Amino acid sequence: MSWTLKKKALSLLDAEQGTVHKDWGGKIAVALVYPNSYAVGMSNLGFQTIYRHLNELPDVVCERVFLPDAADVAELARTRSVPFSLESQRPLTDFHMIGFSVTYEGDYINALRILDLAGIPLRAAARRPHDPLVLMGGVCAFSNPEPIAPFMDFVVVGEGEELVGELIAAYRERYRDRSSFLDLLTGLEGVYVPERYDVSYAADGTLAEVTARAGAPGIVTKRRLKDVNAFRTIAAVKTPNAEYGHMALLEVGKGCGRGCRFCLEGQVYRPVRHRSVAALGDTIKELAAQGEKRIGLVGACVSDYPWIGELLKVVEANGMELSISSLRADSLTDELAASLARGGHRTLTIAPEAGTERLRRAIRKAITDEQILAACDLVRAHGIPNLKTYFMIGQPTETDEDVEAIPDLARRMLERLRVLDAKGHPFGRLTLSISSFVPKPWTPFQWAPFAGADALSKKLETIKRGVRSLSNVRVLHENPREAALQALLARGDRRVADFLEAAARQGGEWRRALREWDGDADFHTTRPRALDERLPWDHFEVGVKKAGLAREWERAHAPDAAPAGVA
Ligand code: SF4
């Protein structure tokens, strides 16, 4: 064990509040792994929630593991050690189960790197009886786990809050025999055991069939939490070293009913379930009593929470300040803007997603330019100095005019923003955060082709050129090549596993692995798919009907692309 790495772990633990330390004697040991940095993982409420639920089980000890950074990897190699848990600094190989929490497809490579660094065979089929069981949960697990499926003993499909207890009970009953344990799991709703499915391909390379072996369900159904009030989703461990470490995060509910056609979260977390003000109020009081000063409300669309006004009063009555990550421009009210301003918000974030009203209608984010400009007025009326906006390029039906309209909209927003606030303070900065559209499974745009990195780069140039003459505007964007990787991992099938394995073995050098891979990335990403093509995620059921998605896909191409009413 490296003393340098141990010291680093101890200093992270020192800064934490709420860490769970449990004795290992006779318990089932679960390593909960976030395949990214500590700062990112500790800001993930899903990860924190499962950590708390697992540790609430008396016969389980759950400890956290994060992706080692480049210097840590070198130190692991120098000292011939393997990744270890934060709480007890035990090597990953000491655990009975390793559970990855994955919210971003790009982290698949990191997950495999961690297994590789621990000397655990990557493919489930190659693992030995003494190796830990490897599983995965998180939103990627119920979007499309196929590219990473060959590496997983099982996958938790859906909301895991209720399921963790059932999984542990099954393990306790059958832990001596992996195959018998997996038999038991195939009978649990929301559990997918990849090795119990055979996949075949047609002559043209498309997916032909996915056949369940005896005992496994033909369709794996997502587990859905029935009573959201019964399970609080709140950070278990607080640390100043997390991205949102300065506030207590609280989930107000699950799902969103708006039905934007590009949005995975809006589809797979359905039906919309809001926590009651009473249930949230109890948690807020508890947090206030613990000395928390700032609360960050989290959810697919927080400003749509139906009792937001009441909730704001509860937050303020408890002497706390409020934070919200992103708002819909059409649900920003005077009251909400005032509360955010009182909570010390220096930047408000809205997501127009497209430069023209036409494209916004096509993607079903039907907010008008005037609603966006009215949000700018509210920002200034309440003295909030900065505005951040999210746009997405490469969406279906997008034209050059739609892209050129983004800088034009920025100019019109600036005209409304560049006024002194009530205290005479000038406006600060308008940020355009531009992401590349990746067609996600379970959305009406799942049949759309990914635009391709070169086309996206050109669109980015158009936007940057367009804002060059505007002061107070900053453009942030990801590299379109990263979006191309995400498209491959979000839309690929099991054949993409070879690329993932090569990327992990090459220490995460995915560009090199992609060049050397004998698969065809474009086949999975930029190829348009027919409505009747079998999709890699068709053997799952997440509560979204394919016929409904197809209807929405066709409506998006209607001349006026009018939204069909809020879903
Ligand atoms: S408002 Fe649209 S983009 Fe936002 S969470 Fe809901 S469906 Fe997704």
# chains A, B, ... in the order shown; residues from 1 in each chain; ligands from 1

$ residues_near_ligand --ligand "ligand 1" --cutoff "9 Å" --atoms "only C-alpha atoms and all ligand atoms" --output "PyMOL selection string"
chain A and resi 255-267+299-302+304+326-328+351+353+364-365

$ write_last_selection --atoms "C-alpha atoms" --output "PDB file, in the first residue's frame"
ATOM      1  CA  GLY A 255     -39.168  12.390 -13.820  1.00  0.00           C
ATOM      2  CA  CYS A 256     -40.369  15.256 -15.950  1.00  0.00           C
ATOM      3  CA  GLY A 257     -43.589  15.473 -17.927  1.00  0.00           C
ATOM      4  CA  ARG A 258     -42.442  17.968 -20.562  1.00  0.00           C
ATOM      5  CA  GLY A 259     -41.395  15.353 -23.109  1.00  0.00           C
ATOM      6  CA  CYS A 260     -38.587  17.235 -24.886  1.00  0.00           C
ATOM      7  CA  ARG A 261     -37.785  14.891 -27.757  1.00  0.00           C
ATOM      8  CA  PHE A 262     -34.027  14.710 -27.133  1.00  0.00           C
ATOM      9  CA  CYS A 263     -34.188  14.156 -23.384  1.00  0.00           C
ATOM     10  CA  LEU A 264     -33.451  10.763 -21.861  1.00  0.00           C
ATOM     11  CA  GLU A 265     -34.257  11.794 -18.289  1.00  0.00           C
ATOM     12  CA  GLY A 266     -37.622  13.129 -19.363  1.00  0.00           C
ATOM     13  CA  GLN A 267     -38.521   9.663 -20.658  1.00  0.00           C
ATOM     14  CA  GLY A 299     -34.590  16.922 -10.084  1.00  0.00           C
ATOM     15  CA  ALA A 300     -35.193  16.612 -13.825  1.00  0.00           C
ATOM     16  CA  CYS A 301     -37.010  19.960 -13.891  1.00  0.00           C
ATOM     17  CA  VAL A 302     -37.048  21.605 -10.468  1.00  0.00           C
ATOM     18  CA  ASP A 304     -41.819  22.562 -12.586  1.00  0.00           C
ATOM     19  CA  SER A 326     -31.059  24.960 -14.208  1.00  0.00           C
ATOM     20  CA  LEU A 327     -34.524  26.356 -14.859  1.00  0.00           C
ATOM     21  CA  ARG A 328     -37.011  26.414 -17.681  1.00  0.00           C
ATOM     22  CA  ALA A 351     -31.723  26.037 -21.336  1.00  0.00           C
ATOM     23  CA  GLU A 353     -31.481  24.445 -26.415  1.00  0.00           C
ATOM     24  CA  ARG A 364     -40.539  19.994 -28.280  1.00  0.00           C
ATOM     25  CA  LYS A 365     -38.834  22.521 -26.067  1.00  0.00           C
TER      26      LYS A 365
END

$ select_by_dssp --residues "region 328-567 of chain A" --states "strand (DSSP E)" --output "ChimeraX atom specification"
/A:347-353,386-393,430-436,473-477,540-541

$ write_last_selection --atoms "N, CA and C atoms" --output "short mmCIF file (atom, residue, chain, number, x, y, z; two decimals), in the first residue's frame"
data_model
loop_
_atom_site.label_atom_id
_atom_site.label_comp_id
_atom_site.auth_asym_id
_atom_site.auth_seq_id
_atom_site.Cartn_x
_atom_site.Cartn_y
_atom_site.Cartn_z
N THR A 347 -25.32 33.52 -10.63
CA THR A 347 -25.56 33.12 -12.02
C THR A 347 -26.84 32.31 -12.09
N LEU A 348 -27.72 32.68 -12.99
CA LEU A 348 -28.92 31.89 -13.21
C LEU A 348 -28.76 31.14 -14.53
N THR A 349 -29.28 29.93 -14.59
CA THR A 349 -29.08 29.10 -15.77
C THR A 349 -30.41 28.72 -16.40
N ILE A 350 -30.53 28.95 -17.70
CA ILE A 350 -31.71 28.48 -18.44
C ILE A 350 -31.23 27.70 -19.67
N ALA A 351 -32.13 26.90 -20.23
CA ALA A 351 -31.72 26.04 -21.34
C ALA A 351 -32.64 26.21 -22.55
N PRO A 352 -32.38 27.23 -23.39
CA PRO A 352 -33.21 27.38 -24.60
C PRO A 352 -33.01 26.22 -25.57
N GLU A 353 -31.85 25.61 -25.59
CA GLU A 353 -31.48 24.45 -26.42
C GLU A 353 -31.36 24.73 -27.91
N ASN A 386 -25.13 37.42 -13.66
CA ASN A 386 -24.71 36.59 -14.80
C ASN A 386 -25.83 35.65 -15.25
N LEU A 387 -25.82 35.34 -16.53
CA LEU A 387 -26.79 34.37 -17.05
C LEU A 387 -26.03 33.32 -17.86
N LYS A 388 -26.37 32.06 -17.58
CA LYS A 388 -25.77 30.96 -18.35
C LYS A 388 -26.88 30.31 -19.16
N THR A 389 -26.59 29.96 -20.40
CA THR A 389 -27.62 29.35 -21.26
C THR A 389 -27.05 28.07 -21.88
N TYR A 390 -27.91 27.07 -21.99
CA TYR A 390 -27.50 25.81 -22.65
C TYR A 390 -28.12 25.73 -24.03
N PHE A 391 -27.28 25.46 -25.01
CA PHE A 391 -27.76 25.20 -26.37
C PHE A 391 -27.19 23.85 -26.82
N MET A 392 -27.89 23.26 -27.79
CA MET A 392 -27.44 21.97 -28.32
C MET A 392 -27.40 22.07 -29.84
N ILE A 393 -26.29 21.64 -30.43
CA ILE A 393 -26.20 21.68 -31.90
C ILE A 393 -26.24 20.26 -32.47
N LEU A 430 -22.79 36.84 -20.10
CA LEU A 430 -23.71 35.86 -20.68
C LEU A 430 -22.87 34.70 -21.21
N THR A 431 -23.14 33.51 -20.70
CA THR A 431 -22.39 32.33 -21.14
C THR A 431 -23.26 31.47 -22.04
N LEU A 432 -22.72 31.10 -23.19
CA LEU A 432 -23.40 30.15 -24.07
C LEU A 432 -22.67 28.82 -23.93
N SER A 433 -23.32 27.86 -23.32
CA SER A 433 -22.71 26.54 -23.17
C SER A 433 -23.29 25.65 -24.26
N ILE A 434 -22.45 25.25 -25.20
CA ILE A 434 -22.94 24.54 -26.39
C ILE A 434 -22.57 23.06 -26.31
N SER A 435 -23.57 22.21 -26.31
CA SER A 435 -23.27 20.78 -26.33
C SER A 435 -23.67 20.19 -27.67
N SER A 436 -23.13 19.03 -27.96
CA SER A 436 -23.44 18.35 -29.22
C SER A 436 -24.53 17.33 -28.95
N VAL A 473 -19.84 38.16 -23.66
CA VAL A 473 -20.35 36.83 -24.03
C VAL A 473 -19.19 35.85 -24.06
N ARG A 474 -19.43 34.70 -23.47
CA ARG A 474 -18.40 33.66 -23.48
C ARG A 474 -19.04 32.39 -24.05
N VAL A 475 -18.30 31.66 -24.88
CA VAL A 475 -18.81 30.40 -25.43
C VAL A 475 -18.02 29.24 -24.81
N LEU A 476 -18.73 28.31 -24.22
CA LEU A 476 -18.10 27.09 -23.70
C LEU A 476 -18.62 25.92 -24.52
N HIS A 477 -17.77 24.97 -24.81
CA HIS A 477 -18.26 23.79 -25.53
C HIS A 477 -17.36 22.61 -25.27
N PHE A 540 -35.35 -4.40 -23.32
CA PHE A 540 -35.66 -3.77 -22.03
C PHE A 540 -37.01 -3.09 -22.12
N GLU A 541 -37.59 -2.89 -20.97
CA GLU A 541 -38.87 -2.16 -20.92
C GLU A 541 -38.73 -1.14 -19.80
#

$ residues_around --residues "Arg360 (chain A)" --least-positions-apart "2" --cutoff "10 Å" --atoms "only C-alpha atoms" --output "ChimeraX atom specification"
/A:260-261,352-358,362-369,398,402,561-563

$ residues_around --residues "Ile234 (chain A)" --least-positions-apart "3" --cutoff "12 Å" --atoms "only C-alpha atoms" --output "VMD selection string"
chain A and resid 18 42 to 53 231 237 to 238 247 to 253 280 283 to 284 286 to 287 295 to 299

$ write_last_selection --atoms "N, CA and C atoms" --output "CSV table (one decimal), in the first residue's frame"
chain,number,residue,atom,x,y,z
A,18,GLY,N,-20.3,12.6,8.0
A,18,GLY,CA,-21.4,11.6,7.7
A,18,GLY,C,-20.8,10.3,7.1
A,42,MET,N,-18.9,12.5,-5.6
A,42,MET,CA,-19.5,13.0,-4.3
A,42,MET,C,-20.6,14.0,-4.5
A,43,SER,N,-20.7,14.5,-5.7
A,43,SER,CA,-21.8,15.4,-6.1
A,43,SER,C,-23.0,14.7,-6.7
A,44,ASN,N,-22.9,13.4,-6.8
A,44,ASN,CA,-23.9,12.6,-7.4
A,44,ASN,C,-24.9,12.0,-6.3
A,45,LEU,N,-26.1,12.5,-6.4
A,45,LEU,CA,-27.0,12.1,-5.3
A,45,LEU,C,-27.4,10.6,-5.4
A,46,GLY,N,-27.5,10.0,-6.6
A,46,GLY,CA,-27.8,8.6,-6.7
A,46,GLY,C,-26.7,7.8,-6.0
A,47,PHE,N,-25.5,8.1,-6.3
A,47,PHE,CA,-24.3,7.4,-5.7
A,47,PHE,C,-24.4,7.5,-4.1
A,48,GLN,N,-24.7,8.7,-3.7
A,48,GLN,CA,-24.7,8.9,-2.2
A,48,GLN,C,-25.9,8.2,-1.6
A,49,THR,N,-27.0,8.1,-2.3
A,49,THR,CA,-28.2,7.5,-1.8
A,49,THR,C,-28.0,6.0,-1.6
A,50,ILE,N,-27.4,5.4,-2.6
A,50,ILE,CA,-27.2,3.9,-2.5
A,50,ILE,C,-26.2,3.6,-1.4
A,51,TYR,N,-25.2,4.5,-1.3
A,51,TYR,CA,-24.2,4.3,-0.2
A,51,TYR,C,-24.9,4.3,1.2
A,52,ARG,N,-25.9,5.2,1.3
A,52,ARG,CA,-26.6,5.2,2.6
A,52,ARG,C,-27.5,4.0,2.8
A,53,HIS,N,-28.2,3.6,1.7
A,53,HIS,CA,-29.1,2.5,1.9
A,53,HIS,C,-28.4,1.2,2.1
A,231,PHE,N,-38.5,7.0,0.5
A,231,PHE,CA,-37.0,7.0,0.4
A,231,PHE,C,-36.5,8.4,0.1
A,237,VAL,N,-23.0,11.9,2.8
A,237,VAL,CA,-21.7,12.4,3.2
A,237,VAL,C,-21.5,13.8,2.7
A,238,LYS,N,-21.1,14.7,3.5
A,238,LYS,CA,-20.9,16.1,3.1
A,238,LYS,C,-19.4,16.4,3.0
A,247,MET,N,-23.1,23.0,-0.5
A,247,MET,CA,-24.6,23.0,-0.2
A,247,MET,C,-25.1,21.5,0.0
A,248,ALA,N,-26.3,21.5,0.7
A,248,ALA,CA,-26.9,20.2,0.8
A,248,ALA,C,-27.8,20.0,-0.4
A,249,LEU,N,-27.7,18.9,-1.1
A,249,LEU,CA,-28.5,18.6,-2.3
A,249,LEU,C,-29.7,17.8,-1.8
A,250,LEU,N,-30.9,18.1,-2.4
A,250,LEU,CA,-32.1,17.5,-2.0
A,250,LEU,C,-32.9,17.2,-3.3
A,251,GLU,N,-33.3,16.0,-3.6
A,251,GLU,CA,-34.1,15.6,-4.8
A,251,GLU,C,-35.5,15.9,-4.5
A,252,VAL,N,-36.2,16.7,-5.3
A,252,VAL,CA,-37.6,17.0,-5.1
A,252,VAL,C,-38.5,16.0,-5.7
A,253,GLY,N,-38.0,15.2,-6.6
A,253,GLY,CA,-38.9,14.2,-7.2
A,253,GLY,C,-38.2,13.5,-8.4
A,280,LEU,N,-40.5,16.8,2.2
A,280,LEU,CA,-39.3,17.6,1.9
A,280,LEU,C,-39.0,18.6,3.1
A,283,THR,N,-37.1,17.0,5.9
A,283,THR,CA,-35.7,16.9,5.6
A,283,THR,C,-35.0,18.2,5.7
A,284,ILE,N,-35.7,19.3,5.2
A,284,ILE,CA,-35.1,20.6,5.3
A,284,ILE,C,-34.9,21.0,6.7
A,286,GLU,N,-34.4,19.1,9.3
A,286,GLU,CA,-33.3,18.3,9.8
A,286,GLU,C,-32.0,18.9,9.4
A,287,LEU,N,-31.9,19.3,8.1
A,287,LEU,CA,-30.7,19.8,7.6
A,287,LEU,C,-30.3,21.1,8.3
A,295,ILE,N,-29.2,25.1,0.4
A,295,ILE,CA,-29.8,23.9,-0.1
A,295,ILE,C,-29.9,23.9,-1.6
A,296,GLY,N,-29.5,22.9,-2.2
A,296,GLY,CA,-29.6,22.8,-3.7
A,296,GLY,C,-30.7,21.8,-4.1
A,297,LEU,N,-31.7,22.3,-4.7
A,297,LEU,CA,-32.8,21.4,-5.1
A,297,LEU,C,-32.4,20.7,-6.4
A,298,VAL,N,-32.7,19.4,-6.5
A,298,VAL,CA,-32.3,18.6,-7.6
A,298,VAL,C,-33.5,17.9,-8.1
A,299,GLY,N,-33.5,17.7,-9.4
A,299,GLY,CA,-34.6,16.9,-10.1
A,299,GLY,C,-34.5,17.2,-11.6

$ residues_around --residues "Glu310 (chain A)" --least-positions-apart "6" --cutoff "12 Å" --atoms "only C-alpha atoms" --output "list in words"
Ser276, Val277, Ala278, Leu280, Gly281, Glu316, Ala317, Glu335, Leu336 and Ser339 of chain A

$ residues_around --residues "Glu105 (chain A)" --least-positions-apart "6" --cutoff "8 Å" --atoms "only C-alpha atoms" --output "list in words"
Cys140, Gln486, Leu489 and Ala490 of chain A

$ atom_distance --atom1 "CA of Val419 (chain A)" --atom2 "CA of Glu461 (chain A)"
28.9 Å

$ residues_around --residues "Asp538 (chain A)" --least-positions-apart "6" --cutoff "10 Å" --atoms "only C-alpha atoms" --output "MDAnalysis selection string"
chainID A and resid 144 209:210 219:220 441:442 546

$ write_last_selection --atoms "N, CA and C atoms" --output "compact mmCIF listing (two decimals), in the first residue's frame"
# COMPACT_ATOMS: atom_id res chain seq x y z
N ASN A 144 -28.94 2.03 -22.10
CA ASN A 144 -28.48 0.96 -23.00
C ASN A 144 -27.19 0.38 -22.44
N GLU A 209 -31.33 -10.83 -33.41
CA GLU A 209 -32.15 -11.31 -32.29
C GLU A 209 -31.38 -11.25 -30.99
N VAL A 210 -32.11 -11.08 -29.91
CA VAL A 210 -31.56 -11.24 -28.57
C VAL A 210 -32.44 -12.29 -27.89
N ILE A 219 -37.95 -9.98 -21.79
CA ILE A 219 -37.85 -8.52 -21.68
C ILE A 219 -37.51 -8.20 -20.22
N VAL A 220 -36.50 -7.39 -20.04
CA VAL A 220 -36.12 -7.00 -18.67
C VAL A 220 -36.84 -5.69 -18.34
N PRO A 441 -31.10 6.54 -26.57
CA PRO A 441 -32.15 5.51 -26.53
C PRO A 441 -33.36 6.02 -25.75
N TRP A 442 -34.51 5.45 -26.01
CA TRP A 442 -35.74 5.73 -25.27
C TRP A 442 -36.26 7.13 -25.47
N LYS A 546 -42.66 2.13 -27.65
CA LYS A 546 -41.94 2.43 -28.90
C LYS A 546 -42.87 3.11 -29.91

$ closest_atom_pairs --of "region 187-285 of chain A" --to "region 527-534 of chain A" --cutoff "8 Å" --atoms "only C-alpha atoms" --output "Markdown table"
| residue | atom | partner | partner_atom | distance |
| --- | --- | --- | --- | --- |
| A:Thr206 | CA | A:Arg534 | CA | 7.5 |
| A:Leu207 | CA | A:Arg534 | CA | 5.9 |
| A:Ala208 | CA | A:Arg534 | CA | 6.9 |
| A:Glu209 | CA | A:Arg534 | CA | 7.9 |

$ write_last_selection --atoms "C-alpha atoms" --output "tab-separated table (two decimals), in the first residue's frame"
chain	number	residue	atom	x	y	z
A	206	THR	CA	-27.82	-4.95	-37.85
A	207	LEU	CA	-29.01	-6.72	-34.74
A	208	ALA	CA	-31.07	-9.81	-35.60
A	209	GLU	CA	-32.15	-11.31	-32.29

$ atom_distance --atom1 "CA of Ser85 (chain A)" --atom2 "CA of Cys62 (chain A)"
9.4 Å

$ closest_residue --among "A:Ala381, A:Ile120, A:Val496, A:Ala125" --to "Pro426 (chain A)" --atoms "only C-alpha atoms"
A:Ala381

$ select_by_dssp --residues "region 9-238 of chain A" --states "helix (DSSP H, G or I)" --output "number ranges by chain"
A: 9-14, 38-41, 45-56, 70-78, 92-94, 107-117, 124-126, 139-142, 146-151, 163-174, 178-186, 194-196, 228-230

$ write_last_selection --atoms "C-alpha atoms" --output "PDB file, in the first residue's frame"
ATOM      1  CA  ALA A   9      -7.465   9.111   1.388  1.00  0.00           C
ATOM      2  CA  LEU A  10      -7.177  10.050   5.060  1.00  0.00           C
ATOM      3  CA  SER A  11      -7.172  13.743   4.284  1.00  0.00           C
ATOM      4  CA  LEU A  12     -10.361  13.362   2.176  1.00  0.00           C
ATOM      5  CA  LEU A  13     -11.979  11.435   5.040  1.00  0.00           C
ATOM      6  CA  ASP A  14     -10.898  14.098   7.541  1.00  0.00           C
ATOM      7  CA  TYR A  38     -13.990  12.057  -6.023  1.00  0.00           C
ATOM      8  CA  ALA A  39     -15.257  15.616  -6.663  1.00  0.00           C
ATOM      9  CA  VAL A  40     -17.683  14.461  -9.359  1.00  0.00           C
ATOM     10  CA  GLY A  41     -18.800  11.270  -7.604  1.00  0.00           C
ATOM     11  CA  LEU A  45     -27.039  12.086  -5.319  1.00  0.00           C
ATOM     12  CA  GLY A  46     -27.799   8.607  -6.716  1.00  0.00           C
ATOM     13  CA  PHE A  47     -24.346   7.395  -5.659  1.00  0.00           C
ATOM     14  CA  GLN A  48     -24.722   8.926  -2.209  1.00  0.00           C
ATOM     15  CA  THR A  49     -28.214   7.476  -1.763  1.00  0.00           C
ATOM     16  CA  ILE A  50     -27.170   3.908  -2.536  1.00  0.00           C
ATOM     17  CA  TYR A  51     -24.198   4.303  -0.170  1.00  0.00           C
ATOM     18  CA  ARG A  52     -26.595   5.232   2.625  1.00  0.00           C
ATOM     19  CA  HIS A  53     -29.140   2.494   1.854  1.00  0.00           C
ATOM     20  CA  LEU A  54     -26.515  -0.238   1.682  1.00  0.00           C
ATOM     21  CA  ASN A  55     -24.937   0.827   4.955  1.00  0.00           C
ATOM     22  CA  GLU A  56     -28.350   0.884   6.637  1.00  0.00           C
ATOM     23  CA  ALA A  70      -2.939   9.990 -13.462  1.00  0.00           C
ATOM     24  CA  ALA A  71      -0.512  10.625 -10.578  1.00  0.00           C
ATOM     25  CA  ASP A  72      -2.327   8.041  -8.427  1.00  0.00           C
ATOM     26  CA  VAL A  73      -2.115   5.451 -11.206  1.00  0.00           C
ATOM     27  CA  ALA A  74       1.663   6.014 -11.417  1.00  0.00           C
ATOM     28  CA  GLU A  75       1.913   5.683  -7.637  1.00  0.00           C
ATOM     29  CA  LEU A  76      -0.153   2.453  -7.684  1.00  0.00           C
ATOM     30  CA  ALA A  77       2.234   1.045 -10.293  1.00  0.00           C
ATOM     31  CA  ARG A  78       5.336   2.173  -8.378  1.00  0.00           C
ATOM     32  CA  LEU A  92     -10.855  -3.700  -4.278  1.00  0.00           C
ATOM     33  CA  THR A  93     -10.170  -7.427  -4.508  1.00  0.00           C
ATOM     34  CA  ASP A  94     -11.173  -7.887  -0.819  1.00  0.00           C
ATOM     35  CA  ASP A 107     -17.185   6.514 -17.657  1.00  0.00           C
ATOM     36  CA  TYR A 108     -17.480   2.941 -19.035  1.00  0.00           C
ATOM     37  CA  ILE A 109     -13.794   3.094 -19.948  1.00  0.00           C
ATOM     38  CA  ASN A 110     -12.924   4.318 -16.446  1.00  0.00           C
ATOM     39  CA  ALA A 111     -14.909   1.473 -14.863  1.00  0.00           C
ATOM     40  CA  LEU A 112     -12.924  -1.084 -16.833  1.00  0.00           C
ATOM     41  CA  ARG A 113      -9.644   0.687 -16.074  1.00  0.00           C
ATOM     42  CA  ILE A 114     -10.377   0.354 -12.365  1.00  0.00           C
ATOM     43  CA  LEU A 115     -10.995  -3.401 -12.731  1.00  0.00           C
ATOM     44  CA  ASP A 116      -7.814  -3.696 -14.789  1.00  0.00           C
ATOM     45  CA  LEU A 117      -5.749  -1.810 -12.197  1.00  0.00           C
ATOM     46  CA  ALA A 124     -17.453 -11.648 -16.574  1.00  0.00           C
ATOM     47  CA  ALA A 125     -16.858 -14.976 -18.337  1.00  0.00           C
ATOM     48  CA  ALA A 126     -13.127 -14.853 -17.515  1.00  0.00           C
ATOM     49  CA  VAL A 139     -29.033   5.846 -15.566  1.00  0.00           C
ATOM     50  CA  CYS A 140     -26.711   4.260 -18.185  1.00  0.00           C
ATOM     51  CA  ALA A 141     -27.793   0.865 -16.864  1.00  0.00           C
ATOM     52  CA  PHE A 142     -31.343   1.421 -17.996  1.00  0.00           C
ATOM     53  CA  GLU A 146     -25.167  -3.417 -24.043  1.00  0.00           C
ATOM     54  CA  PRO A 147     -21.654  -2.072 -24.852  1.00  0.00           C
ATOM     55  CA  ILE A 148     -20.532  -2.792 -21.271  1.00  0.00           C
ATOM     56  CA  ALA A 149     -22.755  -5.857 -20.681  1.00  0.00           C
ATOM     57  CA  PRO A 150     -20.053  -8.527 -21.278  1.00  0.00           C
ATOM     58  CA  PHE A 151     -18.079  -7.108 -18.326  1.00  0.00           C
ATOM     59  CA  LEU A 163     -33.797  -3.305  -4.934  1.00  0.00           C
ATOM     60  CA  VAL A 164     -30.600  -3.139  -2.871  1.00  0.00           C
ATOM     61  CA  GLY A 165     -32.166  -5.049   0.037  1.00  0.00           C
ATOM     62  CA  GLU A 166     -33.469  -7.782  -2.288  1.00  0.00           C
ATOM     63  CA  LEU A 167     -30.071  -8.164  -3.956  1.00  0.00           C
ATOM     64  CA  ILE A 168     -28.324  -8.539  -0.637  1.00  0.00           C
ATOM     65  CA  ALA A 169     -30.919 -11.086   0.548  1.00  0.00           C
ATOM     66  CA  ALA A 170     -30.355 -13.100  -2.660  1.00  0.00           C
ATOM     67  CA  TYR A 171     -26.585 -12.957  -2.185  1.00  0.00           C
ATOM     68  CA  ARG A 172     -26.898 -14.090   1.426  1.00  0.00           C
ATOM     69  CA  GLU A 173     -28.970 -17.072   0.289  1.00  0.00           C
ATOM     70  CA  ARG A 174     -26.827 -18.187  -2.658  1.00  0.00           C
ATOM     71  CA  ARG A 178     -22.379 -17.820  -8.541  1.00  0.00           C
ATOM     72  CA  SER A 179     -24.538 -19.580 -11.090  1.00  0.00           C
ATOM     73  CA  SER A 180     -27.282 -20.332  -8.574  1.00  0.00           C
ATOM     74  CA  PHE A 181     -27.114 -16.724  -7.322  1.00  0.00           C
ATOM     75  CA  LEU A 182     -27.559 -15.453 -10.891  1.00  0.00           C
ATOM     76  CA  ASP A 183     -30.508 -17.866 -11.315  1.00  0.00           C
ATOM     77  CA  LEU A 184     -32.174 -16.162  -8.383  1.00  0.00           C
ATOM     78  CA  LEU A 185     -31.421 -12.709  -9.808  1.00  0.00           C
ATOM     79  CA  THR A 186     -33.055 -13.437 -13.165  1.00  0.00           C
ATOM     80  CA  PRO A 194     -26.176 -10.357 -19.614  1.00  0.00           C
ATOM     81  CA  GLU A 195     -24.681 -13.858 -19.888  1.00  0.00           C
ATOM     82  CA  ARG A 196     -28.199 -15.316 -19.957  1.00  0.00           C
ATOM     83  CA  VAL A 228     -40.864   8.401  -3.492  1.00  0.00           C
ATOM     84  CA  ASN A 229     -41.731   9.760  -0.051  1.00  0.00           C
ATOM     85  CA  ALA A 230     -40.602   6.482   1.538  1.00  0.00           C
TER      86      ALA A 230
END

$ closest_residue --among "A:Ala338, A:Asp377, A:Asp408, A:Ile372" --to "Lys313 (chain A)" --atoms "only C-alpha atoms"
A:Ala338

$ atom_distance --atom1 "CA of Glu161 (chain A)" --atom2 "CA of Gly492 (chain A)"
27.8 Å
